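One structure is given here, and the rest of the page talks about it.
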Amino acid sequence: MYYDIVNSGERIKELRAARRMTRQQLAEQIGLSVDALREIEAGVNGAKIDTLISIAELFHISLRVYLHLCKNRKN
């Protein structure tokens with residue numbers, strides 16, 4: 001499976017916005033700096049697998065569902 005960092009970052013931003021969370025709030029909850037999260041959301045850097053797992057758990061979705069949502073975003 002191909003991991004598209006741009007689509008993944010956009011999906012993280014959408015999930016965060018849907019929960020009305022700031023970057024600061026999300027970054028604190030998943031153990032990242034705000035700058036690191038900003039770069040992930042912008043698609044500059046990809047998230048590590050443990051970060052993706054933390055995000056999926058926080059938003060109560062499985063990692064498989066998260067990756068599927070990112071994949072389908074392109075179609």
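Simple scheme: letters A, B, ... for chains in structure tokens order, numbers from 1 for residues in each chain, numbers from 1 for ligands in the order shown.
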Checklist entry - Which residues, written as a ChimeraX atom specification, have at least one atom at most 10 Å from region 1-18 of chain A, with only C-alpha atoms counted and residues fewer than 3 positions away on the same chain left out? => result /A:21-23,25-26,37-47,52,55-56,59,66-67,69-74
Item to check | Members of chain A assigned helix (DSSP H, G or I) by DSSP, as a PyMOL selection string | outcome: chain A and resi 5-18+23-30+34-41+49-58+63-73
